[in-house]
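Here is the structure we will look at, set down as structure tokens.
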Amino acid sequence: MDSSITRDLYRDIIDFAHTTPSWVQHLAELWTEAGLLLFGVLFVVAWWRSRAGDDRAVALAVLAPLATAAGYVVSESLKSVVDEERPCRTVADAAAALVPCPPTGDWSFPSNHAAIAGAAAVALALAWPRIALFTVPMALLMAFSRVFVGVHYPHDVLVGLVVGALVATVFTLVLVRAAATLLGTMRRSRTPLVVWFTGPGQAPAPAPAPQAYEPRA
């Protein structure tokens with residue numbers, strides 16, 4: 001999958017990485033993993049706030065981590081088929097990676113981190129539209145960090161983002177109606193734990209007050 005263009009771009013990025021201050025390099029190393037944890041926190045927040053919404057809102061929030069897992073599975077399946085070696089091992093004239101190069105067999109294309117980030121960003125945006133202003137840049141930064149630290153080609157992360165986003169979108173849109181129906185049924189349960197998980201939903205609108213009868217003059 002790698003070409004002279006992607007190799008040159010990889011060299012430029014890893015060379016740039018070595019010119020940055022050490023704290024920037026350490027932050028990039030941390031972000032490649034910490035970003036995944038932050039997405040996990042956002043899944044919990046999205047689910048919690050959805051409990052006050054309608055059945056579809058809860059369904060979208062519950063499906064978000066599942067859609068992300070589906071994006072990872074598809075990415076990992078592609079990775080096992082393509083078998084592309086990591087650039088930190090094949091681009092011999094490039095600067096050293098900032099993190100240890102993954103072993104042979106842990107293939108490069110596509111980037112699982114990028115696929116997870118792309119899937120999580122889209123799935124969260126479907127459940128909580130306003131947060132897209134945060135999750136989309138967050139996913140792009142996480143994908144870039146994988147090239148910055150030297151363990152992926154640019155095309156690895158680009159394809160990973162696209163695969164994750166597409167899988168999450170299709171997964172969510174296909175299952176949201178069935179999930180909303182199931183969660184609506186669960187909300188009518190008398191089991192406290194089930195009701196706590198699904199939330200009380202939106203309070204019903206108050207019935208209009210009866211109008212006083214006024215006899216005609």
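Naming works like this for the structure tokens: A, B, ... for the chains as they're shown, residue 1 at the start of each chain, ligands 1 onward in shown order.
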Notebook entry, point to check: Contacts of segment 143-151 of chain A at 9 Å or less, counting only C-alpha atoms, minus same-chain residues fewer than 4 places along, as a PyMOL selection string?
Noted result: chain A and resi 10-11+13-17+25+28-29+31-32+86-89+95-102+108+111+113-115+117-118+138-139+156-158+160-161
Selection above as a file: N, CA and C atoms, as a tab-separated table (two decimals), in the first residue's frame:
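Resulting contents of again27.tsv:
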chain	number	residue	atom	x	y	z
A	10	TYR	N	5.53	10.70	5.19
A	10	TYR	CA	5.86	10.12	6.50
A	10	TYR	C	7.19	10.67	7.00
A	11	ARG	N	8.18	10.73	6.13
A	11	ARG	CA	9.50	11.28	6.52
A	11	ARG	C	9.37	12.73	6.98
A	13	ILE	N	6.78	14.24	8.25
A	13	ILE	CA	6.08	14.35	9.52
A	13	ILE	C	6.96	13.89	10.68
A	14	ILE	N	7.66	12.79	10.51
A	14	ILE	CA	8.49	12.30	11.60
A	14	ILE	C	9.70	13.21	11.81
A	15	ASP	N	10.22	13.81	10.72
A	15	ASP	CA	11.29	14.80	10.88
A	15	ASP	C	10.79	16.02	11.65
A	16	PHE	N	9.57	16.46	11.31
A	16	PHE	CA	8.98	17.58	12.03
A	16	PHE	C	8.79	17.23	13.51
A	17	ALA	N	8.37	16.00	13.78
A	17	ALA	CA	8.16	15.57	15.16
A	17	ALA	C	9.43	15.71	15.98
A	25	GLN	N	6.29	16.08	22.13
A	25	GLN	CA	6.46	14.67	21.78
A	25	GLN	C	5.81	13.77	22.82
A	28	ALA	N	2.06	13.90	22.49
A	28	ALA	CA	1.58	13.10	21.36
A	28	ALA	C	1.57	11.62	21.70
A	29	GLU	N	2.63	11.16	22.39
A	29	GLU	CA	2.68	9.76	22.83
A	29	GLU	C	1.51	9.44	23.75
A	31	TRP	N	-1.37	11.09	23.98
A	31	TRP	CA	-2.66	11.28	23.35
A	31	TRP	C	-3.10	10.06	22.54
A	32	THR	N	-2.15	9.33	21.98
A	32	THR	CA	-2.52	8.17	21.16
A	32	THR	C	-3.32	7.14	21.97
A	86	ARG	N	4.95	-1.87	9.16
A	86	ARG	CA	4.98	-0.53	9.75
A	86	ARG	C	6.09	0.32	9.12
A	87	PRO	N	5.83	1.62	8.94
A	87	PRO	CA	6.85	2.49	8.35
A	87	PRO	C	8.09	2.63	9.23
A	88	CYS	N	7.92	2.50	10.54
A	88	CYS	CA	9.08	2.59	11.43
A	88	CYS	C	10.03	1.42	11.23
A	89	ARG	N	9.62	0.43	10.46
A	89	ARG	CA	10.50	-0.69	10.16
A	89	ARG	C	10.95	-0.69	8.71
A	95	ALA	N	13.75	9.23	10.25
A	95	ALA	CA	14.13	9.39	11.65
A	95	ALA	C	13.44	8.32	12.48
A	96	ALA	N	14.01	8.05	13.64
A	96	ALA	CA	13.46	7.01	14.51
A	96	ALA	C	12.08	7.40	15.02
A	97	ALA	N	11.23	6.41	15.21
A	97	ALA	CA	9.90	6.65	15.77
A	97	ALA	C	10.03	7.11	17.22
A	98	LEU	N	9.06	7.87	17.68
A	98	LEU	CA	9.08	8.36	19.05
A	98	LEU	C	8.66	7.31	20.06
A	99	VAL	N	8.03	6.25	19.58
A	99	VAL	CA	7.60	5.16	20.45
A	99	VAL	C	8.16	3.86	19.87
A	100	PRO	N	8.22	2.79	20.67
A	100	PRO	CA	8.70	1.52	20.14
A	100	PRO	C	7.87	1.05	18.96
A	101	CYS	N	8.55	0.56	17.94
A	101	CYS	CA	7.86	0.08	16.74
A	101	CYS	C	7.14	-1.23	17.06
A	102	PRO	N	5.86	-1.35	16.73
A	102	PRO	CA	5.14	-2.60	17.00
A	102	PRO	C	5.81	-3.78	16.31
A	108	SER	N	0.14	-2.50	9.69
A	108	SER	CA	-0.01	-1.05	9.72
A	108	SER	C	-1.32	-0.55	9.12
A	111	SER	N	-5.13	1.95	10.27
A	111	SER	CA	-4.85	2.21	11.68
A	111	SER	C	-6.08	1.93	12.53
A	113	HIS	N	-6.37	2.61	15.70
A	113	HIS	CA	-6.62	3.80	16.53
A	113	HIS	C	-7.46	4.81	15.76
A	114	ALA	N	-7.10	5.03	14.50
A	114	ALA	CA	-7.85	5.99	13.69
A	114	ALA	C	-9.27	5.50	13.43
A	115	ALA	N	-9.42	4.20	13.20
A	115	ALA	CA	-10.76	3.64	12.95
A	115	ALA	C	-11.64	3.81	14.19
A	117	ALA	N	-11.23	6.06	16.53
A	117	ALA	CA	-11.48	7.49	16.70
A	117	ALA	C	-12.56	7.97	15.73
A	118	GLY	N	-12.48	7.57	14.47
A	118	GLY	CA	-13.47	7.97	13.49
A	118	GLY	C	-14.85	7.44	13.83
A	138	MET	N	-10.98	16.00	17.70
A	138	MET	CA	-10.31	15.06	18.58
A	138	MET	C	-9.89	13.80	17.82
A	139	ALA	N	-10.77	13.29	16.96
A	139	ALA	CA	-10.45	12.10	16.16
A	139	ALA	C	-9.34	12.40	15.16
A	156	ASP	N	-2.64	5.12	6.19
A	156	ASP	CA	-3.18	4.20	7.20
A	156	ASP	C	-4.25	4.88	8.04
A	157	VAL	N	-3.93	6.08	8.51
A	157	VAL	CA	-4.86	6.77	9.40
A	157	VAL	C	-6.04	7.36	8.63
A	158	LEU	N	-5.78	7.80	7.40
A	158	LEU	CA	-6.88	8.35	6.59
A	158	LEU	C	-7.94	7.29	6.32
A	160	GLY	N	-8.31	4.52	7.99
A	160	GLY	CA	-8.88	4.13	9.27
A	160	GLY	C	-10.02	5.04	9.70
A	161	LEU	N	-9.82	6.34	9.56
A	161	LEU	CA	-10.87	7.30	9.90
A	161	LEU	C	-12.13	7.06	9.06
Next item on the list: Report as number ranges by chain: the residues of segment 26-206 of chain A with a DSSP assignment of helix (DSSP H, G or I), based on the backbone of this structure.
Entry: A: 26-50, 55-82, 87-90, 112-127, 129-148, 154-187, 192-198
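Between Leu183 of chain A and the residues A:Val82, A:Ala34, A:Val62, A:Leu42, the shortest atom-to-atom distance, using only C-alpha atoms, involves A:Val62.
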Find the residues of segment 88-137 of chain A that sit at most 10 Å from segment 170-179 of chain A; for each, write down the nearest two atoms and how far apart they are in Å, to one decimal. Count only C-alpha atoms. Sort by chain, then by number going up, and give it as CSV.
residue,atom,partner,partner_atom,distance
A:Val122,CA,A:Thr172,CA,9.7
A:Ala123,CA,A:Thr172,CA,7.3
A:Leu126,CA,A:Thr172,CA,8.4
A:Ala127,CA,A:Thr172,CA,9.6
Since we have the selection now, will you write its residues out, keeping N, CA, C and O atoms, as a PDB file, in the first residue's frame?
ATOM      1  N   VAL A 122     -18.153   9.896  15.097  1.00  0.00           N
ATOM      2  CA  VAL A 122     -19.418   9.915  14.367  1.00  0.00           C
ATOM      3  C   VAL A 122     -20.557   9.387  15.233  1.00  0.00           C
ATOM      4  O   VAL A 122     -21.651   9.960  15.269  1.00  0.00           O
ATOM      5  N   ALA A 123     -20.314   8.281  15.939  1.00  0.00           N
ATOM      6  CA  ALA A 123     -21.359   7.691  16.764  1.00  0.00           C
ATOM      7  C   ALA A 123     -21.802   8.659  17.864  1.00  0.00           C
ATOM      8  O   ALA A 123     -22.993   8.798  18.147  1.00  0.00           O
ATOM      9  N   LEU A 126     -23.907  11.460  16.350  1.00  0.00           N
ATOM     10  CA  LEU A 126     -25.282  11.061  16.072  1.00  0.00           C
ATOM     11  C   LEU A 126     -26.128  11.083  17.346  1.00  0.00           C
ATOM     12  O   LEU A 126     -27.309  11.433  17.322  1.00  0.00           O
ATOM     13  N   ALA A 127     -25.506  10.710  18.465  1.00  0.00           N
ATOM     14  CA  ALA A 127     -26.227  10.696  19.728  1.00  0.00           C
ATOM     15  C   ALA A 127     -26.298  12.069  20.381  1.00  0.00           C
ATOM     16  O   ALA A 127     -27.220  12.349  21.156  1.00  0.00           O
TER      17      ALA A 127
END
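Of the residues under consideration (A:Val45, A:Phe39, A:Arg187, A:Leu182), A:Phe39 shows the shortest atom-to-atom contact distance to Val136 of chain A when counting only C-alpha atoms.
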Margin query: Can you measure atom CA of Arg49 of chain A to atom CA of Pro192 of chain A for me? One decimal in Å is fine.
Written below: 18.3 Å
Check: Of the candidates A:Ser50, A:Thr68, A:Thr104, A:Thr185, which one gets nearest to Thr90 of chain A if we count only C-alpha atoms?
Finding: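 Of the candidates, the smallest distance to Thr90 of chain A is held by A:Thr104.
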Checklist line | Residue contacts of Asp106 of chain A (9 Å, only C-alpha atoms) excluding same-chain residues fewer than 5 positions away, as a PyMOL selection string | finding: chain A and resi 79-80+83-86
Those residues with N, CA and C atoms, as a compact mmCIF listing (two decimals), in the first residue's frame please?
# COMPACT_ATOMS: atom_id res chain seq x y z
N LYS A 79 -6.90 -5.22 8.33
CA LYS A 79 -5.49 -5.27 8.68
C LYS A 79 -4.90 -6.67 8.47
N SER A 80 -5.69 -7.68 8.82
CA SER A 80 -5.21 -9.05 8.69
C SER A 80 -5.14 -9.50 7.24
N ASP A 83 -1.80 -6.90 5.41
CA ASP A 83 -0.45 -7.24 5.88
C ASP A 83 0.61 -6.22 5.47
N GLU A 84 0.36 -4.95 5.73
CA GLU A 84 1.34 -3.91 5.43
C GLU A 84 2.27 -3.70 6.62
N GLU A 85 3.57 -3.71 6.38
CA GLU A 85 4.54 -3.52 7.45
C GLU A 85 4.55 -2.07 7.92
N ARG A 86 4.95 -1.87 9.16
CA ARG A 86 4.98 -0.53 9.75
C ARG A 86 6.09 0.32 9.12
Notebook entry, point to check: What is the atom CA of Trp47 of chain A to atom CA of Ala61 of chain A distance in Å?
Noted result: 4.9 Å
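You will find atom CA of Leu124 of chain A at 26.8 Å from atom CA of Ser189 of chain A.
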